[in-house]
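A.B. asks: Contents of entry-v9.csv (CSV, C-alpha atoms and all ligand atoms):
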chain,number,residue,atom,x,y,z
U,8,MET,CA,6.4,-62.3,-49.9
U,9,THR,CA,2.7,-63.2,-49.5
U,10,LYS,CA,2.1,-65.7,-46.8
U,11,LYS,CA,-0.3,-68.4,-47.8
U,12,ILE,CA,-2.5,-69.6,-44.9
U,13,ALA,CA,-4.5,-72.8,-45.2
U,14,ILE,CA,-7.6,-72.4,-43.1
U,15,LEU,CA,-9.3,-75.6,-42.0
U,16,PRO,CA,-12.3,-74.8,-39.8
U,17,GLY,CA,-13.1,-78.4,-39.1
U,18,ASP,CA,-16.4,-79.4,-37.4
U,19,TYR,CA,-19.0,-77.9,-35.1
U,20,ILE,CA,-17.7,-74.9,-33.1
U,21,GLY,CA,-14.5,-75.1,-35.2
U,22,LEU,CA,-16.5,-73.1,-37.8
U,23,GLU,CA,-17.6,-70.5,-35.4
U,24,VAL,CA,-14.3,-69.8,-33.7
U,25,MET,CA,-12.5,-69.8,-37.1
U,26,ALA,CA,-14.9,-67.1,-38.4
U,27,GLU,CA,-13.6,-64.9,-35.5
U,28,ALA,CA,-10.0,-65.7,-36.2
U,29,VAL,CA,-10.5,-64.7,-39.8
U,30,LYS,CA,-11.9,-61.3,-38.7
U,31,VAL,CA,-8.5,-60.8,-37.0
U,32,LEU,CA,-6.6,-61.9,-40.1
U,33,ASP,CA,-8.8,-59.5,-42.1
U,34,VAL,CA,-7.7,-56.6,-39.9
U,35,LEU,CA,-4.1,-57.4,-40.4
U,36,ARG,CA,-4.5,-57.7,-44.1
U,37,ALA,CA,-6.3,-54.4,-44.3
U,38,GLU,CA,-3.3,-52.9,-42.5
U,39,GLY,CA,-1.2,-54.1,-45.4
U,40,GLU,CA,0.1,-57.5,-44.3
U,41,ALA,CA,0.5,-59.7,-47.3
U,42,LEU,CA,-1.7,-62.6,-46.5
U,43,GLU,CA,-3.6,-65.0,-48.7
U,44,TYR,CA,-6.0,-67.6,-47.4
U,45,GLU,CA,-7.5,-70.7,-48.8
U,46,PHE,CA,-10.1,-72.8,-47.1
U,47,GLY,CA,-10.1,-76.5,-46.8
U,48,LEU,CA,-11.8,-79.4,-45.2
U,49,LEU,CA,-10.6,-81.6,-42.3
U,50,GLY,CA,-12.3,-84.1,-40.1
U,51,GLY,CA,-16.0,-84.9,-40.2
U,52,ALA,CA,-16.6,-82.1,-42.7
U,53,ALA,CA,-14.1,-83.7,-45.1
U,54,VAL,CA,-15.7,-87.2,-44.6
U,55,ASP,CA,-19.1,-85.7,-45.5
U,56,ALA,CA,-17.8,-83.9,-48.6
U,57,GLU,CA,-15.0,-86.2,-49.8
U,58,GLY,CA,-15.3,-89.5,-48.0
U,59,HIS,CA,-12.0,-89.1,-46.1
U,60,PRO,CA,-11.0,-87.1,-43.0
U,61,TYR,CA,-7.8,-85.8,-44.6
U,62,PRO,CA,-8.6,-85.9,-48.3
U,63,GLU,CA,-6.2,-85.2,-51.1
U,64,SER,CA,-7.5,-81.7,-51.7
U,65,THR,CA,-6.6,-80.8,-48.2
U,66,GLN,CA,-3.2,-82.5,-48.4
U,67,LYS,CA,-2.3,-80.4,-51.4
U,68,LEU,CA,-3.5,-77.2,-49.8
U,69,ALA,CA,-1.7,-77.9,-46.5
U,70,ARG,CA,1.6,-78.9,-48.1
U,71,ALA,CA,1.6,-75.8,-50.3
U,72,ALA,CA,0.7,-73.4,-47.4
U,73,ASP,CA,3.2,-71.4,-45.3
U,74,ALA,CA,1.1,-72.1,-42.3
U,75,ILE,CA,-2.1,-73.8,-41.3
U,76,LEU,CA,-4.8,-72.6,-39.1
U,77,LEU,CA,-7.2,-75.2,-37.7
U,78,GLY,CA,-10.4,-75.0,-35.8
U,79,ALA,CA,-11.5,-78.3,-34.2
U,80,VAL,CA,-12.5,-81.7,-35.6
U,81,GLY,CA,-14.8,-84.5,-34.5
U,82,GLY,CA,-18.3,-85.1,-33.1
U,83,PRO,CA,-20.9,-87.8,-32.3
U,84,LYS,CA,-22.1,-87.9,-35.8
U,85,TYR,CA,-18.8,-89.6,-36.8
U,86,ASP,CA,-18.3,-91.9,-33.8
U,87,GLU,CA,-19.7,-95.0,-35.5
U,88,LEU,CA,-17.4,-94.7,-38.6
U,89,PRO,CA,-14.5,-97.2,-39.0
U,90,ARG,CA,-11.3,-96.0,-37.3
U,91,GLU,CA,-9.6,-94.9,-40.6
U,92,LEU,CA,-12.4,-92.5,-41.3
U,93,ARG,CA,-12.8,-91.0,-37.9
U,94,PRO,CA,-12.2,-87.2,-37.8
U,95,GLU,CA,-9.3,-87.8,-35.3
U,96,ARG,CA,-7.5,-89.7,-38.0
U,97,GLY,CA,-7.6,-86.6,-40.1
U,98,LEU,CA,-5.9,-84.7,-37.4
U,99,LEU,CA,-3.3,-87.4,-36.8
U,100,GLY,CA,-2.9,-87.8,-40.5
U,101,ILE,CA,-2.1,-84.1,-41.2
U,102,ARG,CA,0.4,-84.0,-38.2
U,103,LYS,CA,2.2,-87.1,-39.5
U,104,ASP,CA,2.0,-86.0,-43.2
U,105,LEU,CA,3.5,-82.6,-42.5
U,106,GLY,CA,6.0,-83.9,-40.0
U,107,LEU,CA,4.7,-81.6,-37.3
U,108,PHE,CA,6.6,-83.2,-34.4
U,109,ALA,CA,6.9,-80.3,-32.0
U,110,ASN,CA,3.7,-79.3,-30.2
U,111,PHE,CA,3.9,-76.2,-28.1
U,112,ARG,CA,1.0,-75.9,-25.6
U,113,PRO,CA,1.4,-72.9,-23.3
U,114,ALA,CA,-0.8,-72.7,-20.2
U,115,LEU,CA,-1.3,-69.2,-18.8
U,116,ALA,CA,-3.4,-68.0,-15.9
U,117,TYR,CA,-4.9,-64.7,-16.8
U,118,ALA,CA,-5.2,-62.5,-13.7
U,119,GLU,CA,-8.7,-61.4,-14.9
U,120,LEU,CA,-9.9,-65.0,-14.9
U,121,ALA,CA,-8.4,-66.2,-11.6
U,122,ALA,CA,-11.9,-66.9,-10.3
U,123,ALA,CA,-12.6,-69.3,-13.2
U,124,SER,CA,-9.9,-71.7,-12.1
U,125,SER,CA,-10.9,-74.7,-9.9
U,126,LEU,CA,-7.7,-74.1,-8.0
U,127,LYS,CA,-7.1,-71.4,-5.3
U,128,PRO,CA,-6.0,-68.1,-6.8
U,129,GLU,CA,-2.8,-68.0,-4.8
U,130,ILE,CA,-1.8,-71.4,-6.4
U,131,ILE,CA,-2.2,-70.2,-9.9
U,132,ALA,CA,-1.5,-66.5,-9.8
U,133,GLY,CA,1.1,-65.6,-12.4
U,134,LEU,CA,1.2,-69.2,-13.8
U,135,ASP,CA,2.9,-69.3,-17.2
U,136,LEU,CA,4.1,-72.7,-18.3
U,137,LEU,CA,4.9,-74.3,-21.6
U,138,ILE,CA,4.3,-77.9,-22.4
U,139,LEU,CA,6.4,-79.1,-25.3
U,140,ARG,CA,4.8,-82.4,-26.5
U,141,GLU,CA,6.3,-84.7,-29.1
U,142,LEU,CA,3.6,-85.2,-31.7
U,143,THR,CA,4.5,-87.7,-34.4
U,144,GLY,CA,5.9,-90.7,-32.4
U,145,ASP,CA,5.2,-92.8,-29.4
U,146,ILE,CA,2.3,-95.2,-28.8
U,147,TYR,CA,0.2,-93.0,-31.2
U,148,PHE,CA,2.1,-94.2,-34.2
U,149,GLY,CA,4.2,-97.2,-33.0
U,150,GLN,CA,4.0,-100.5,-34.9
U,151,PRO,CA,2.8,-103.1,-34.6
U,152,ARG,CA,-0.6,-102.3,-33.4
U,153,GLY,CA,-3.9,-104.1,-33.9
U,154,ARG,CA,-6.3,-106.7,-32.7
U,155,ARG,CA,-5.8,-110.4,-32.6
U,156,THR,CA,-7.0,-113.5,-30.9
U,157,ASN,CA,-4.4,-115.1,-28.6
U,158,ALA,CA,-3.5,-118.7,-28.2
U,159,GLU,CA,-6.2,-119.2,-25.6
U,160,GLY,CA,-8.8,-117.9,-28.0
U,161,VAL,CA,-9.2,-114.5,-26.2
U,162,GLU,CA,-9.4,-111.3,-28.1
U,163,GLU,CA,-6.6,-108.8,-27.6
U,164,GLY,CA,-5.9,-105.2,-28.6
U,165,TYR,CA,-2.2,-104.0,-28.6
U,166,ASP,CA,-0.2,-100.9,-29.4
U,167,THR,CA,3.5,-100.2,-29.4
U,168,MET,CA,5.2,-97.4,-27.5
U,169,HIS,CA,8.2,-96.4,-29.5
U,170,TYR,CA,10.8,-93.7,-29.7
U,171,SER,CA,14.0,-93.5,-31.7
U,172,ARG,CA,17.1,-91.6,-30.5
U,173,THR,CA,16.7,-89.1,-33.3
U,174,GLU,CA,13.1,-88.4,-32.5
U,175,VAL,CA,14.0,-87.7,-28.8
U,176,GLU,CA,17.0,-85.7,-29.8
U,177,ARG,CA,15.1,-83.2,-31.9
U,178,ILE,CA,12.3,-82.6,-29.4
U,179,ALA,CA,14.8,-82.4,-26.5
U,180,ARG,CA,16.8,-79.8,-28.4
U,181,LEU,CA,13.7,-77.6,-28.9
U,182,GLY,CA,12.9,-78.1,-25.2
U,183,PHE,CA,16.3,-76.7,-24.2
U,184,GLU,CA,16.0,-73.9,-26.8
U,185,ALA,CA,12.6,-72.9,-25.4
U,186,ALA,CA,13.8,-73.0,-21.9
U,187,ARG,CA,16.8,-70.8,-22.8
U,188,LYS,CA,14.4,-68.1,-24.0
U,189,ARG,CA,12.4,-68.3,-20.8
U,190,SER,CA,13.5,-69.0,-17.3
U,191,LYS,CA,16.2,-71.6,-18.2
U,192,LYS,CA,14.5,-74.5,-16.4
U,193,LEU,CA,13.5,-77.6,-18.3
U,194,CYS,CA,11.6,-80.6,-16.8
U,195,SER,CA,11.5,-83.7,-18.8
U,196,VAL,CA,8.6,-86.0,-18.0
U,197,ASP,CA,8.8,-89.8,-18.5
U,198,LYS,CA,8.1,-93.1,-16.9
U,199,GLU,CA,11.7,-94.2,-16.6
U,200,ASN,CA,11.0,-96.5,-13.7
U,201,VAL,CA,8.9,-98.8,-15.9
U,202,LEU,CA,9.3,-98.2,-19.6
U,203,GLU,CA,12.2,-99.0,-22.0
U,204,THR,CA,11.0,-96.1,-24.2
U,205,SER,CA,11.4,-93.8,-21.3
U,206,ARG,CA,14.9,-95.1,-20.4
U,207,LEU,CA,16.1,-94.2,-23.8
U,208,TRP,CA,14.2,-90.9,-23.6
U,209,ARG,CA,15.9,-89.9,-20.4
U,210,GLU,CA,19.4,-90.9,-21.5
U,211,VAL,CA,19.0,-88.9,-24.7
U,212,VAL,CA,17.6,-85.8,-23.0
U,213,ILE,CA,20.6,-85.9,-20.6
U,214,GLU,CA,23.0,-86.1,-23.5
U,215,VAL,CA,21.4,-83.3,-25.4
U,216,GLY,CA,21.4,-81.3,-22.1
U,217,LYS,CA,25.2,-81.3,-22.1
U,218,GLY,CA,25.1,-78.8,-24.9
U,219,TYR,CA,22.9,-76.5,-22.8
U,220,PRO,CA,24.9,-76.1,-19.5
U,221,ASP,CA,23.0,-72.9,-18.8
U,222,VAL,CA,19.6,-74.7,-18.6
U,223,GLU,CA,18.7,-76.5,-15.4
U,224,LEU,CA,17.4,-79.9,-16.3
U,225,SER,CA,15.2,-82.0,-14.1
U,226,HIS,CA,13.3,-85.2,-14.6
U,227,MET,CA,9.9,-86.3,-13.3
U,228,TYR,CA,7.8,-89.4,-13.6
U,229,VAL,CA,4.5,-88.7,-15.4
U,230,ASP,CA,2.3,-89.7,-12.4
U,231,ASN,CA,4.1,-87.3,-10.1
U,232,ALA,CA,4.0,-84.6,-12.8
U,233,ALA,CA,0.2,-85.0,-13.0
U,234,MET,CA,0.1,-84.5,-9.2
U,235,GLN,CA,2.6,-81.6,-9.0
U,236,LEU,CA,0.7,-79.8,-11.8
U,237,ILE,CA,-2.3,-79.3,-9.5
U,238,ARG,CA,-0.3,-79.1,-6.2
U,239,ARG,CA,2.3,-76.5,-7.1
U,240,PRO,CA,2.1,-75.7,-10.8
U,241,ARG,CA,4.4,-72.7,-10.7
U,242,GLN,CA,7.4,-75.0,-10.0
U,243,PHE,CA,7.3,-75.7,-13.8
U,244,ASP,CA,8.4,-73.5,-16.6
U,245,VAL,CA,9.0,-75.6,-19.7
U,246,ILE,CA,8.0,-79.3,-19.7
U,247,VAL,CA,9.2,-81.6,-22.5
U,248,THR,CA,7.5,-84.9,-22.9
U,249,GLY,CA,6.3,-87.6,-25.3
U,250,ASN,CA,3.1,-87.8,-27.2
U,251,ILE,CA,0.8,-89.7,-24.9
U,252,PHE,CA,2.0,-88.1,-21.7
U,253,GLY,CA,1.8,-84.7,-23.3
U,254,ASP,CA,-1.7,-85.3,-24.5
U,255,ILE,CA,-2.8,-86.0,-20.9
U,256,LEU,CA,-0.8,-83.4,-19.1
U,257,SER,CA,-1.7,-80.6,-21.5
U,258,ASP,CA,-5.4,-81.1,-20.9
U,259,GLU,CA,-4.7,-81.0,-17.2
U,260,ALA,CA,-2.6,-77.9,-17.5
U,261,SER,CA,-5.2,-76.2,-19.6
U,262,MET,CA,-7.6,-76.2,-16.7
U,263,LEU,CA,-5.3,-74.5,-14.3
U,264,GLY,CA,-6.0,-71.1,-15.9
U,265,GLY,CA,-9.7,-71.6,-15.8
U,266,SER,CA,-10.8,-72.5,-19.3
U,267,ILE,CA,-9.6,-74.7,-22.1
U,268,GLY,CA,-11.3,-72.1,-24.3
U,269,MET,CA,-8.3,-69.8,-23.8
U,270,LEU,CA,-5.4,-71.8,-24.9
U,271,PRO,CA,-3.7,-71.9,-28.3
U,272,SER,CA,-1.1,-74.3,-29.6
U,273,ALA,CA,1.5,-74.6,-32.3
U,274,SER,CA,2.7,-77.7,-34.0
U,275,LEU,CA,5.9,-77.3,-36.0
U,276,ASP,CA,8.0,-79.2,-38.5
U,277,VAL,CA,11.8,-79.1,-38.7
U,278,ASN,CA,11.7,-75.9,-40.7
U,279,GLY,CA,9.3,-74.0,-38.5
U,280,LYS,CA,6.3,-74.5,-40.8
U,281,GLY,CA,3.4,-75.0,-38.5
U,282,MET,CA,-0.2,-75.7,-37.8
U,283,TYR,CA,-2.0,-73.6,-35.2
U,284,GLU,CA,-5.1,-74.6,-33.4
U,285,PRO,CA,-6.9,-74.1,-30.1
U,286,ILE,CA,-6.4,-76.9,-27.6
U,287,HIS,CA,-10.1,-77.4,-27.2
U,288,GLY,CA,-12.3,-79.8,-29.2
U,289,SER,CA,-15.3,-79.2,-31.4
U,290,ALA,CA,-17.9,-79.0,-28.6
U,291,PRO,CA,-20.9,-80.4,-30.5
U,292,ASP,CA,-23.1,-79.7,-27.4
U,293,ILE,CA,-22.8,-75.9,-27.9
U,294,ALA,CA,-22.2,-75.8,-31.6
U,295,GLY,CA,-24.3,-73.3,-33.7
U,296,GLN,CA,-25.4,-71.3,-30.7
U,297,ASN,CA,-22.9,-68.5,-30.7
U,298,LYS,CA,-21.6,-69.7,-27.3
U,299,ALA,CA,-18.0,-70.9,-28.0
U,300,ASN,CA,-15.0,-68.9,-26.8
U,301,PRO,CA,-13.0,-67.8,-29.9
U,302,LEU,CA,-10.0,-66.5,-27.9
U,303,ALA,CA,-7.9,-69.7,-28.2
U,304,THR,CA,-8.2,-69.6,-32.0
U,305,ILE,CA,-7.5,-65.9,-32.1
U,306,LEU,CA,-4.4,-66.5,-29.9
U,307,SER,CA,-3.4,-69.3,-32.3
U,308,VAL,CA,-3.3,-66.7,-35.0
U,309,GLY,CA,-0.8,-64.8,-32.8
U,310,MET,CA,1.3,-67.9,-32.4
U,311,MET,CA,1.3,-68.4,-36.1
U,312,PHE,CA,2.8,-64.9,-36.7
U,313,LYS,CA,5.4,-65.5,-34.0
U,314,TYR,CA,6.5,-69.0,-34.8
U,315,SER,CA,6.1,-69.3,-38.6
U,316,PHE,CA,6.2,-65.7,-39.8
U,317,ASP,CA,8.8,-64.4,-37.4
U,318,ARG,CA,6.5,-61.6,-36.4
U,319,GLY,CA,6.5,-61.5,-32.6
U,320,ASP,CA,5.3,-57.9,-32.8
U,321,ILE,CA,1.9,-59.0,-34.2
U,322,ALA,CA,1.7,-61.9,-31.7
U,323,ASP,CA,2.3,-59.4,-28.9
U,324,ARG,CA,-0.5,-57.1,-30.3
U,325,ILE,CA,-3.0,-60.0,-30.4
U,326,ASP,CA,-2.1,-61.1,-26.9
U,327,ALA,CA,-2.5,-57.5,-25.7
U,328,ALA,CA,-5.9,-57.2,-27.4
U,329,VAL,CA,-7.1,-60.4,-25.8
U,330,LYS,CA,-5.9,-59.2,-22.4
U,331,GLY,CA,-7.6,-55.9,-23.1
U,332,VAL,CA,-11.0,-57.4,-23.8
U,333,LEU,CA,-10.7,-59.6,-20.6
U,334,ARG,CA,-9.8,-56.5,-18.6
U,335,ALA,CA,-12.8,-54.7,-20.0
U,336,GLY,CA,-15.0,-57.5,-18.7
U,337,HIS,CA,-16.0,-59.3,-21.9
U,338,ARG,CA,-16.8,-62.9,-21.1
U,339,THR,CA,-18.1,-65.9,-23.0
U,340,GLY,CA,-19.9,-68.5,-20.9
U,341,ASP,CA,-16.9,-70.7,-20.2
U,342,ILE,CA,-15.0,-67.9,-18.4
U,343,ALA,CA,-17.9,-66.0,-16.8
U,344,GLN,CA,-18.5,-66.0,-13.1
U,345,PRO,CA,-22.1,-66.3,-11.8
U,346,GLY,CA,-23.9,-63.0,-12.4
U,347,GLU,CA,-21.5,-61.8,-15.0
U,348,LYS,CA,-22.8,-60.7,-18.4
U,349,ILE,CA,-22.2,-63.3,-21.1
U,350,ILE,CA,-21.4,-62.4,-24.7
U,351,GLY,CA,-21.4,-64.6,-27.7
U,352,THR,CA,-18.7,-65.9,-30.0
U,353,ARG,CA,-19.2,-63.2,-32.6
U,354,GLU,CA,-19.3,-60.4,-30.0
U,355,MET,CA,-16.1,-61.6,-28.5
U,356,GLY,CA,-14.5,-61.6,-31.9
U,357,ASP,CA,-15.7,-58.1,-32.5
U,358,ALA,CA,-14.3,-57.0,-29.2
U,359,VAL,CA,-10.9,-58.3,-30.1
U,360,VAL,CA,-11.0,-56.6,-33.5
U,361,ALA,CA,-12.0,-53.3,-31.9
U,362,ALA,CA,-9.1,-53.7,-29.4
U,363,LEU,CA,-6.7,-54.4,-32.2
U,364,GLN,CA,-7.7,-51.3,-34.1
U,365,ARG,CA,-7.4,-49.0,-31.1
U,401,LIG,C1,-5.2,-83.4,-28.9
U,401,LIG,C2,-6.3,-84.4,-29.1
U,401,LIG,C3,-5.9,-85.4,-30.1
U,401,LIG,C4,-4.7,-86.1,-29.6
U,401,LIG,C5,-7.0,-86.4,-30.6
U,401,LIG,C6,-8.3,-85.6,-31.0
U,401,LIG,C7,-6.6,-87.4,-31.6
U,401,LIG,O1,-6.7,-85.0,-27.9
U,401,LIG,O2,-4.8,-82.7,-29.9
U,401,LIG,O3,-4.7,-83.3,-27.8
U,401,LIG,O4,-4.9,-87.1,-28.9
U,401,LIG,O5,-3.6,-85.7,-29.9
U,402,MG,MG,-5.7,-84.2,-26.2
Could you render the structure from this file as structure tokens?
C.D. replies:
Amino acid sequence: MTKKIAILPGDYIGLEVMAEAVKVLDVLRAEGEALEYEFGLLGGAAVDAEGHPYPESTQKLARAADAILLGAVGGPKYDELPRELRPERGLLGIRKDLGLFANFRPALAYAELAAASSLKPEIIAGLDLLILRELTGDIYFGQPRGRRTNAEGVEEGYDTMHYSRTEVERIARLGFEAARKRSKKLCSVDKENVLETSRLWREVVIEVGKGYPDVELSHMYVDNAAMQLIRRPRQFDVIVTGNIFGDILSDEASMLGGSIGMLPSASLDVNGKGMYEPIHGSAPDIAGQNKANPLATILSVGMMFKYSFDRGDIADRIDAAVKGVLRAGHRTGDIAQPGEKIIGTREMGDAVVAALQR
């Protein structure tokens, strides 16, 4: 059956990195994979064209697709818009609309890029961890939220941190399943010493864990986890955590390997339908200059084949092609060492395509 892929390049470098990911899809299609793509707008581009960051046309497209490939959204041009129209609302809107509650963010240290990390090579050598971030709950979506003036006449802003048992159960289960397929170690990150939400979180994770006696479960407070990630990152294999903690820890983890430009992510619903995107943002400062690293988006294509299309073989080929181009010394600016030759976004995409076809 033909797989329908909704392609949402987004804003700024989103367009450039997506063009390279499409080259990779084209190679696979030329080999006979039944793929159909349809392009749509999300974020600032959608605001410009249709007056909304997640317009109806994109909702239709995304709901009908088998998987969604996303570039990056946002930029200074849109910073002054009211909150409902900000590009980020488009991203949060599509996650919530499609029920993409499970966000897989792997962090890998490529041996070829060890020098690009700000940590000592011996600390990050062989690093391979997976952060599983809950993506549709927590303080991101909790109600009530808003602005008000309190009894003393002082302005306040407030948000609600919130998790239900069912929300924690389903993400915990995926955490244990992921750990089972890897080194059978799961670390749940919370703030149980302070937050009610976290007390429920920890209780539920422990209960779900009873069904996975083969997985070694540990718990860590989020502040300690932030520290341990730079102190001794290899102690972790799979981390499962809530939306806001996962947002912060995954940015931190993305730097361990040297560049945020290398890391893909998957966001899945209960049926395994997913949206795939690089972890990095839209980088307006380098947009339109053929400077962005397209590898995270290309690796996101790999994750799409693995998680949504059950084609781990294609994911492995894409991973191997990326490793191959790194081994051959191809570097965009973000992963180059002083003195190394720097190539552009398009040239990097071409190098991956060539490696795939070998
Ligand atoms: C991310 C981003 C988003 C988030 C923003 C752009 C809304 O930081 O995907 O991590 O906070 O989830
Ligand atoms: Mg983030």
A.B. asks: Which one of U:Arg93, U:Lys313, U:His337, U:Lys188 sits closest to ligand LIG 401 (chain U) if you count only C-alpha atoms and all ligand atoms?
C.D. replies: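 Distance minimum relative to ligand LIG 401 (chain U) lands on U:Arg93.
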A.B. asks: Distance CA of Ile251 (chain U)-CA of Leu142 (chain U), one decimal place?
C.D. replies: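 The value is 8.6 Å.
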A.B. asks: Quick one: everything within 12 Å of Gly218 (chain U), counting all atoms listed in the file, minus sequence neighbours fewer than 4 positions away in the same chain. Send it as a count of residues only.
C.D. replies: 13
A.B. asks: From the options U:Gly97, U:Gly340, U:Gly106, U:Pro220, which residue's atoms come nearest to ligand LIG 401 (chain U), counting only C-alpha atoms and all ligand atoms?
C.D. replies: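 Distance minimum relative to ligand LIG 401 (chain U) lands on U:Gly97.
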A.B. asks: If the limit is 9 Å from any atom of ligand LIG 401 (chain U), counting only C-alpha atoms and all ligand atoms, which residues qualify? Return them as a PDB file with C-alpha atoms, in the coordinates of the input.
C.D. replies:
ATOM      1  CA  ALA U  79     -11.500 -78.300 -34.200  1.00  0.00           C
ATOM      2  CA  VAL U  80     -12.500 -81.700 -35.600  1.00  0.00           C
ATOM      3  CA  GLY U  81     -14.800 -84.500 -34.500  1.00  0.00           C
ATOM      4  CA  PRO U  94     -12.200 -87.200 -37.800  1.00  0.00           C
ATOM      5  CA  GLU U  95      -9.300 -87.800 -35.300  1.00  0.00           C
ATOM      6  CA  ARG U  96      -7.500 -89.700 -38.000  1.00  0.00           C
ATOM      7  CA  GLY U  97      -7.600 -86.600 -40.100  1.00  0.00           C
ATOM      8  CA  LEU U  98      -5.900 -84.700 -37.400  1.00  0.00           C
ATOM      9  CA  LEU U  99      -3.300 -87.400 -36.800  1.00  0.00           C
ATOM     10  CA  LEU U 142       3.600 -85.200 -31.700  1.00  0.00           C
ATOM     11  CA  TYR U 147       0.200 -93.000 -31.200  1.00  0.00           C
ATOM     12  CA  ASN U 250       3.100 -87.800 -27.200  1.00  0.00           C
ATOM     13  CA  ILE U 251       0.800 -89.700 -24.900  1.00  0.00           C
ATOM     14  CA  GLY U 253       1.800 -84.700 -23.300  1.00  0.00           C
ATOM     15  CA  ASP U 254      -1.700 -85.300 -24.500  1.00  0.00           C
ATOM     16  CA  ILE U 255      -2.800 -86.000 -20.900  1.00  0.00           C
ATOM     17  CA  SER U 257      -1.700 -80.600 -21.500  1.00  0.00           C
ATOM     18  CA  ASP U 258      -5.400 -81.100 -20.900  1.00  0.00           C
ATOM     19  CA  GLU U 284      -5.100 -74.600 -33.400  1.00  0.00           C
ATOM     20  CA  PRO U 285      -6.900 -74.100 -30.100  1.00  0.00           C
ATOM     21  CA  ILE U 286      -6.400 -76.900 -27.600  1.00  0.00           C
ATOM     22  CA  HIS U 287     -10.100 -77.400 -27.200  1.00  0.00           C
ATOM     23  CA  GLY U 288     -12.300 -79.800 -29.200  1.00  0.00           C
TER      24      GLY U 288
END
A.B. asks: Could you jot down the CA of Tyr44 (chain U) to CA of Asn110 (chain U) separation for me, Å, one decimal place?
C.D. replies: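 Interatomic distance, CA of Tyr44 (chain U) to CA of Asn110 (chain U): 23.0 Å.
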A.B. asks: For ligand MG 402 (chain U), which residue out of U:Leu256, U:Leu181, U:Ala303, U:Ile325 is the nearest one, using all atoms listed in the file?
C.D. replies: U:Leu256
A.B. asks: For Lys280 (chain U), work out the shell of residues within 8 Å, counting only C-alpha atoms and skipping chain neighbours fewer than 4 positions away, then give it as number ranges by chain.
C.D. replies: U: 73-74, 275-276, 315
A.B. asks: To one decimal place in Å, what is the distance between CA of Gly351 (chain U) and CA of Ala118 (chain U)?
C.D. replies: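 Here the two named atoms are 21.5 Å from each other.
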A.B. asks: Can you work out which one of U:Arg365, U:Gln242, U:Arg112, U:Asp323 has the shortest atom-to-atom distance to ligand MG 402 (chain U), counting all atoms listed in the file?
C.D. replies: U:Arg112
A.B. asks: Counting all atoms listed in the file, figure out which residue out of U:Pro62, U:Gly50, U:Pro301, U:Pro291 gets nearest to Ala26 (chain U).
C.D. replies: U:Pro301
A.B. asks: Counting only C-alpha atoms and all ligand atoms, which of U:Ile101, U:Ala71, U:Ile267, U:Ala158 gets nearest to ligand MG 402 (chain U)?
C.D. replies: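 Looking at the shortest contact to ligand MG 402 (chain U), the residue is U:Ile267.
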A.B. asks: Write out as a short mmCIF file (atom, residue, chain, number, x, y, z; two decimals) with C-alpha atoms, keeping the file's coordinate frame each polymer residue whose atoms come within 12 Å of region 307-309 of chain U, counting only C-alpha atoms; drop sequence neighbours fewer than 3 positions from it.
C.D. replies:
data_model
loop_
_atom_site.label_atom_id
_atom_site.label_comp_id
_atom_site.auth_asym_id
_atom_site.auth_seq_id
_atom_site.Cartn_x
_atom_site.Cartn_y
_atom_site.Cartn_z
CA ILE U 12 -2.50 -69.60 -44.90
CA ALA U 13 -4.50 -72.80 -45.20
CA ILE U 14 -7.60 -72.40 -43.10
CA VAL U 24 -14.30 -69.80 -33.70
CA MET U 25 -12.50 -69.80 -37.10
CA GLU U 27 -13.60 -64.90 -35.50
CA ALA U 28 -10.00 -65.70 -36.20
CA VAL U 29 -10.50 -64.70 -39.80
CA LYS U 30 -11.90 -61.30 -38.70
CA VAL U 31 -8.50 -60.80 -37.00
CA LEU U 32 -6.60 -61.90 -40.10
CA ASP U 33 -8.80 -59.50 -42.10
CA LEU U 35 -4.10 -57.40 -40.40
CA ALA U 74 1.10 -72.10 -42.30
CA ILE U 75 -2.10 -73.80 -41.30
CA LEU U 76 -4.80 -72.60 -39.10
CA LEU U 77 -7.20 -75.20 -37.70
CA GLY U 78 -10.40 -75.00 -35.80
CA PHE U 111 3.90 -76.20 -28.10
CA ARG U 112 1.00 -75.90 -25.60
CA PRO U 113 1.40 -72.90 -23.30
CA GLY U 268 -11.30 -72.10 -24.30
CA MET U 269 -8.30 -69.80 -23.80
CA LEU U 270 -5.40 -71.80 -24.90
CA PRO U 271 -3.70 -71.90 -28.30
CA SER U 272 -1.10 -74.30 -29.60
CA ALA U 273 1.50 -74.60 -32.30
CA SER U 274 2.70 -77.70 -34.00
CA GLY U 281 3.40 -75.00 -38.50
CA MET U 282 -0.20 -75.70 -37.80
CA TYR U 283 -2.00 -73.60 -35.20
CA GLU U 284 -5.10 -74.60 -33.40
CA PRO U 285 -6.90 -74.10 -30.10
CA ILE U 286 -6.40 -76.90 -27.60
CA HIS U 287 -10.10 -77.40 -27.20
CA PRO U 301 -13.00 -67.80 -29.90
CA LEU U 302 -10.00 -66.50 -27.90
CA ALA U 303 -7.90 -69.70 -28.20
CA THR U 304 -8.20 -69.60 -32.00
CA PHE U 312 2.80 -64.90 -36.70
CA LYS U 313 5.40 -65.50 -34.00
CA TYR U 314 6.50 -69.00 -34.80
CA SER U 315 6.10 -69.30 -38.60
CA PHE U 316 6.20 -65.70 -39.80
CA ASP U 317 8.80 -64.40 -37.40
CA ARG U 318 6.50 -61.60 -36.40
CA GLY U 319 6.50 -61.50 -32.60
CA ASP U 320 5.30 -57.90 -32.80
CA ILE U 321 1.90 -59.00 -34.20
CA ALA U 322 1.70 -61.90 -31.70
CA ASP U 323 2.30 -59.40 -28.90
CA ARG U 324 -0.50 -57.10 -30.30
CA ILE U 325 -3.00 -60.00 -30.40
CA ASP U 326 -2.10 -61.10 -26.90
CA ALA U 327 -2.50 -57.50 -25.70
CA ALA U 328 -5.90 -57.20 -27.40
CA VAL U 329 -7.10 -60.40 -25.80
CA LEU U 363 -6.70 -54.40 -32.20
#
